[in-house]
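Visitor: Questions regarding the structure given below will be posed in turn.
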Amino acid sequence: AQKVTQAQTEISVVEKEDVTLDCVYETRDTTYYLFWYKQPPSGELVFLIRRNSFDEQNEISGRYSWNFQKSTSSFNFTITASQVVDSAVYFCALRGYQKVTFGIGTKLQVIP
Amino acid sequence: EPEVTQTPSHQVTQMGQEVILRCVPISNHLYFYWYRQILGQKVEFLVSFYNNEISEKSEIFDDQFSVERPDGSNFTLKIRSTKLEDSAMYFCASSEIGQGLYTFGSGTRLTVV
């Protein structure tokens with residue numbers, strides 16, 4: 001069985017602060033993918049990143065960075081210098097062979 | 001960048017009516033999926049479809065739901081007799097064979113009144 005835990009249900013930060021969204025996962029699959037999606041108020045799922053289980057290299061994309069640690073089954077997401085446009089719900093997700101299992105989401109509010 | 005297309009973006013239907021949600025997966029993808037997200041909750045798996053049959057379904061996917069790939073390009077989700085609690089965002093997804101690229105559509109917001 002797969003499980004994704006996002007312990008932070010809501011986070012508020014002041015603009016320009018850095019913020020880290022936590023994600024811990026469980027799976028018995030030896031090969032799997034991890035994702036982060038952003039869901040703005042309009043409701044669509046915006047793909048942010050995909051990592052496979054064999055690639056623990058951290059990634060940076062602009063103000064976004066991801067820290068994948070297989071030893072602790074974590075895939076955390078950091079936004080540097082947050083902006084109001086970052087306000088959204090962020091989902092961490094795990095894919096084994098077929099279906100994707102989502103976490104409950106973290107609602108991020110960036111206050112101007 | 002190839003996309004999964006869902007239509008309509010928003011559908012309102014009366015309780016008890018049948019509704020069909022439509023999806024056009026990415027053309028070379030072989031696996032197709034439907035997910036549901038009740039407002040304010042997490043995205044939940046409904047069903048996966050491969051080789052013209054259901055390969056896995058969740059307990060949510062009961063007899064009132066069905067899926068079909070009627071013409072080789074569309075992938076549809078039918079809800080036979082909608083209930084108020086079927087109001088949700090429905091996401092279609094498709095993937096390459098095995099564990100390849102996995103892409104979600106932008107969703108159809110279903111409102112049952």
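Lettering and numbering for the structure tokens are positional, with chains as A, B, ... in the shown order, residues counted from 1 in each chain, and ligands counted from 1 in the shown order.
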List every residue of chain B that DSSP, applied to the backbone of this structure, places in strand (DSSP E or B), and write the result as a ChimeraX atom specification.
Guide: /B:5-7,10-13,19-24,31-37,44-50,53-57,65-68,75-79,88-95,102-104,108-112
Visitor: Take the residues from that selection and put them in a file with C-alpha atoms, as an mmCIF file, in the first residue's frame.
Guide:
data_model
loop_
_atom_site.group_PDB
_atom_site.id
_atom_site.type_symbol
_atom_site.label_atom_id
_atom_site.label_comp_id
_atom_site.auth_asym_id
_atom_site.auth_seq_id
_atom_site.Cartn_x
_atom_site.Cartn_y
_atom_site.Cartn_z
ATOM 1 C CA THR B 5 -7.680 17.584 -22.590
ATOM 2 C CA GLN B 6 -10.870 17.433 -20.552
ATOM 3 C CA THR B 7 -14.297 18.695 -21.521
ATOM 4 C CA HIS B 10 -17.541 22.841 -15.632
ATOM 5 C CA GLN B 11 -20.788 20.877 -15.744
ATOM 6 C CA VAL B 12 -23.925 21.375 -13.734
ATOM 7 C CA THR B 13 -26.431 18.549 -13.607
ATOM 8 C CA VAL B 19 -23.460 12.631 -16.874
ATOM 9 C CA ILE B 20 -20.529 11.831 -19.140
ATOM 10 C CA LEU B 21 -17.164 13.442 -18.585
ATOM 11 C CA ARG B 22 -14.807 13.401 -21.531
ATOM 12 C CA CYS B 23 -11.065 13.218 -21.828
ATOM 13 C CA VAL B 24 -8.625 13.067 -24.707
ATOM 14 C CA TYR B 31 -2.833 3.765 -19.611
ATOM 15 C CA PHE B 32 -5.751 5.969 -18.631
ATOM 16 C CA TYR B 33 -7.068 7.047 -15.264
ATOM 17 C CA TRP B 34 -9.793 8.962 -13.520
ATOM 18 C CA TYR B 35 -9.354 10.716 -10.189
ATOM 19 C CA ARG B 36 -11.784 12.677 -8.066
ATOM 20 C CA GLN B 37 -11.326 15.582 -5.677
ATOM 21 C CA GLU B 44 -8.427 10.257 -4.890
ATOM 22 C CA PHE B 45 -7.917 7.472 -7.389
ATOM 23 C CA LEU B 46 -11.059 6.116 -9.055
ATOM 24 C CA VAL B 47 -10.039 3.770 -11.834
ATOM 25 C CA SER B 48 -7.285 2.780 -14.235
ATOM 26 C CA PHE B 49 -7.860 1.444 -17.742
ATOM 27 C CA TYR B 50 -5.546 -0.451 -20.027
ATOM 28 C CA GLU B 53 -10.480 -2.946 -19.743
ATOM 29 C CA ILE B 54 -10.370 -1.772 -16.164
ATOM 30 C CA SER B 55 -7.068 -2.751 -14.572
ATOM 31 C CA GLU B 56 -7.739 -1.401 -11.086
ATOM 32 C CA LYS B 57 -10.534 0.438 -9.324
ATOM 33 C CA PHE B 65 -19.614 4.598 -12.512
ATOM 34 C CA SER B 66 -18.359 3.242 -15.811
ATOM 35 C CA VAL B 67 -15.518 4.064 -18.169
ATOM 36 C CA GLU B 68 -15.158 3.635 -21.869
ATOM 37 C CA PHE B 75 -11.767 8.247 -22.674
ATOM 38 C CA THR B 76 -15.018 8.823 -20.838
ATOM 39 C CA LEU B 77 -16.338 8.537 -17.301
ATOM 40 C CA LYS B 78 -20.078 8.012 -16.970
ATOM 41 C CA ILE B 79 -22.021 8.505 -13.779
ATOM 42 C CA ALA B 88 -16.313 17.209 -7.201
ATOM 43 C CA MET B 89 -13.469 17.960 -9.524
ATOM 44 C CA TYR B 90 -12.756 15.017 -11.810
ATOM 45 C CA PHE B 91 -9.287 14.650 -13.258
ATOM 46 C CA CYS B 92 -8.334 12.446 -16.157
ATOM 47 C CA ALA B 93 -4.737 11.273 -16.540
ATOM 48 C CA SER B 94 -2.773 9.173 -18.970
ATOM 49 C CA SER B 95 0.628 7.556 -18.925
ATOM 50 C CA TYR B 102 2.205 10.626 -16.268
ATOM 51 C CA THR B 103 0.061 13.624 -17.199
ATOM 52 C CA PHE B 104 -3.109 15.032 -15.625
ATOM 53 C CA THR B 108 -13.921 18.958 -14.963
ATOM 54 C CA ARG B 109 -15.791 20.549 -12.087
ATOM 55 C CA LEU B 110 -19.068 18.649 -11.666
ATOM 56 C CA THR B 111 -21.814 20.281 -9.667
ATOM 57 C CA VAL B 112 -24.882 18.209 -8.842
#
Visitor: Counting only C-alpha atoms, which residues from chain A have an atom at most 7 Å from any atom of chain B, and could you show them as a ChimeraX atom specification?
Guide: /A:44-45,97,99,102-105
Visitor: Please save N, CA, C and O atoms of the selected residues as a short mmCIF file (atom, residue, chain, number, x, y, z; two decimals), in the first residue's frame.
Guide:
data_model
loop_
_atom_site.label_atom_id
_atom_site.label_comp_id
_atom_site.auth_asym_id
_atom_site.auth_seq_id
_atom_site.Cartn_x
_atom_site.Cartn_y
_atom_site.Cartn_z
N GLU A 44 -7.16 23.63 -11.23
CA GLU A 44 -6.38 22.68 -12.03
C GLU A 44 -5.13 22.24 -11.27
O GLU A 44 -4.68 22.90 -10.34
N LEU A 45 -4.59 21.12 -11.66
CA LEU A 45 -3.35 20.62 -11.07
C LEU A 45 -2.19 21.07 -11.96
O LEU A 45 -2.12 20.68 -13.12
N TYR A 97 3.51 1.40 -9.54
CA TYR A 97 3.42 0.88 -10.90
C TYR A 97 2.39 1.63 -11.75
O TYR A 97 2.64 1.96 -12.89
N LYS A 99 -1.23 3.64 -10.32
CA LYS A 99 -1.97 4.80 -9.82
C LYS A 99 -1.09 5.71 -8.99
O LYS A 99 -0.03 5.33 -8.49
N PHE A 102 -2.07 10.64 -3.59
CA PHE A 102 -1.81 12.02 -3.21
C PHE A 102 -1.82 12.18 -1.69
O PHE A 102 -2.53 11.48 -0.98
N GLY A 103 -1.04 13.15 -1.24
CA GLY A 103 -1.18 13.60 0.13
C GLY A 103 -2.41 14.50 0.24
O GLY A 103 -3.07 14.81 -0.76
N ILE A 104 -2.70 14.91 1.45
CA ILE A 104 -3.90 15.70 1.69
C ILE A 104 -3.74 17.16 1.27
O ILE A 104 -4.71 17.89 1.16
N GLY A 105 -2.51 17.55 1.00
CA GLY A 105 -2.26 18.90 0.53
C GLY A 105 -1.90 19.85 1.65
O GLY A 105 -2.33 19.70 2.80
#
Visitor: Contacts of Val14 of chain A at 8 Å or less, counting only C-alpha atoms, minus same-chain residues fewer than 4 places along, as a list in words?
Guide: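 So the residues in contact are Ser82, Val110, Ile111 and Pro112 of chain A.
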Visitor: With all heavy atoms kept, could you save the residues just selected as a compact mmCIF listing (two decimals), in the first residue's frame?
Guide:
# COMPACT_ATOMS: atom_id res chain seq x y z
N SER A 82 9.24 33.86 -1.04
CA SER A 82 7.86 33.60 -1.47
C SER A 82 7.17 34.87 -1.99
O SER A 82 7.49 36.00 -1.57
CB SER A 82 7.06 33.01 -0.31
OG SER A 82 7.08 33.90 0.80
N VAL A 110 0.51 33.27 1.24
CA VAL A 110 1.59 34.25 1.31
C VAL A 110 0.96 35.63 1.48
O VAL A 110 0.21 36.09 0.62
CB VAL A 110 2.47 34.20 0.05
CG1 VAL A 110 3.60 35.22 0.15
CG2 VAL A 110 3.02 32.80 -0.17
N ILE A 111 1.29 36.24 2.58
CA ILE A 111 0.68 37.52 2.94
C ILE A 111 1.57 38.66 2.47
O ILE A 111 2.77 38.65 2.72
CB ILE A 111 0.49 37.59 4.47
CG1 ILE A 111 -0.35 36.40 4.95
CG2 ILE A 111 -0.14 38.91 4.89
CD1 ILE A 111 -0.27 36.16 6.43
N PRO A 112 0.97 39.63 1.77
CA PRO A 112 1.80 40.74 1.24
C PRO A 112 2.33 41.63 2.36
O PRO A 112 1.79 41.67 3.46
CB PRO A 112 0.83 41.51 0.34
CG PRO A 112 -0.52 40.98 0.58
CD PRO A 112 -0.42 39.69 1.33
Visitor: Restricting the calculation to only C-alpha atoms, which member of A:Tyr25, A:Phe47, A:Tyr37, A:Tyr90 is positioned closest to Phe68 of chain A?
Guide: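 Smallest distance to Phe68 of chain A is found for A:Tyr25.
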Visitor: Which residues are close to segment 79-81 of chain A, i.e. within 12 Å by only C-alpha atoms, leaving aside same-chain residues fewer than 6 positions away? Reply as a list of chain:residue names.
Guide: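 With the cut-off at 12 Å, the set is A:Val13, A:Val14, A:Glu15, A:Lys16, A:Glu17, A:Asp18, A:Val19, A:Thr20, A:Leu21, A:Asp22, A:Leu48, A:Ile60, A:Ser61, A:Gly62, A:Arg63, A:Tyr64, A:Ser65, A:Trp66, A:Asn67, A:Ser87, A:Tyr90, A:Leu108, A:Val110, A:Pro112.
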Visitor: Once DSSP has gone over the backbone, tell me which residues of chain A are in helix (DSSP H, G or I), as an mmCIF file with N, CA and C atoms, in the first residue's frame.
Guide:
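Below is the file that was written, selection.cif:
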data_model
loop_
_atom_site.group_PDB
_atom_site.id
_atom_site.type_symbol
_atom_site.label_atom_id
_atom_site.label_comp_id
_atom_site.auth_asym_id
_atom_site.auth_seq_id
_atom_site.Cartn_x
_atom_site.Cartn_y
_atom_site.Cartn_z
ATOM 1 N N LYS A 70 15.906 9.490 0.413
ATOM 2 C CA LYS A 70 15.342 8.150 0.453
ATOM 3 C C LYS A 70 15.471 7.533 1.852
ATOM 4 N N SER A 71 16.538 7.878 2.551
ATOM 5 C CA SER A 71 16.789 7.277 3.872
ATOM 6 C C SER A 71 15.684 7.627 4.863
ATOM 7 N N THR A 72 15.075 8.790 4.675
ATOM 8 C CA THR A 72 13.996 9.208 5.577
ATOM 9 C C THR A 72 12.644 9.222 4.865
ATOM 10 N N VAL A 84 3.165 36.448 -3.420
ATOM 11 C CA VAL A 84 1.720 36.263 -3.258
ATOM 12 C C VAL A 84 1.179 35.249 -4.257
ATOM 13 N N VAL A 85 1.753 35.217 -5.446
ATOM 14 C CA VAL A 85 1.291 34.277 -6.482
ATOM 15 C C VAL A 85 1.570 32.822 -6.125
ATOM 16 N N ASP A 86 2.391 32.607 -5.107
ATOM 17 C CA ASP A 86 2.648 31.231 -4.665
ATOM 18 C C ASP A 86 1.506 30.694 -3.809
#
Visitor: Counting only C-alpha atoms, which residue out of B:Ile26, B:Ile38, B:Val4, B:Met15 sits closest to Gly43 of chain A?
Guide: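 Smallest distance to Gly43 of chain A is found for B:Ile38.
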Visitor: Hey, what's within 7 Å of Tyr32 of chain A if we count only C-alpha atoms and toss same-chain stuff fewer than 5 positions away? As a ChimeraX atom specification, please?
Guide: /A:52-53,95-96
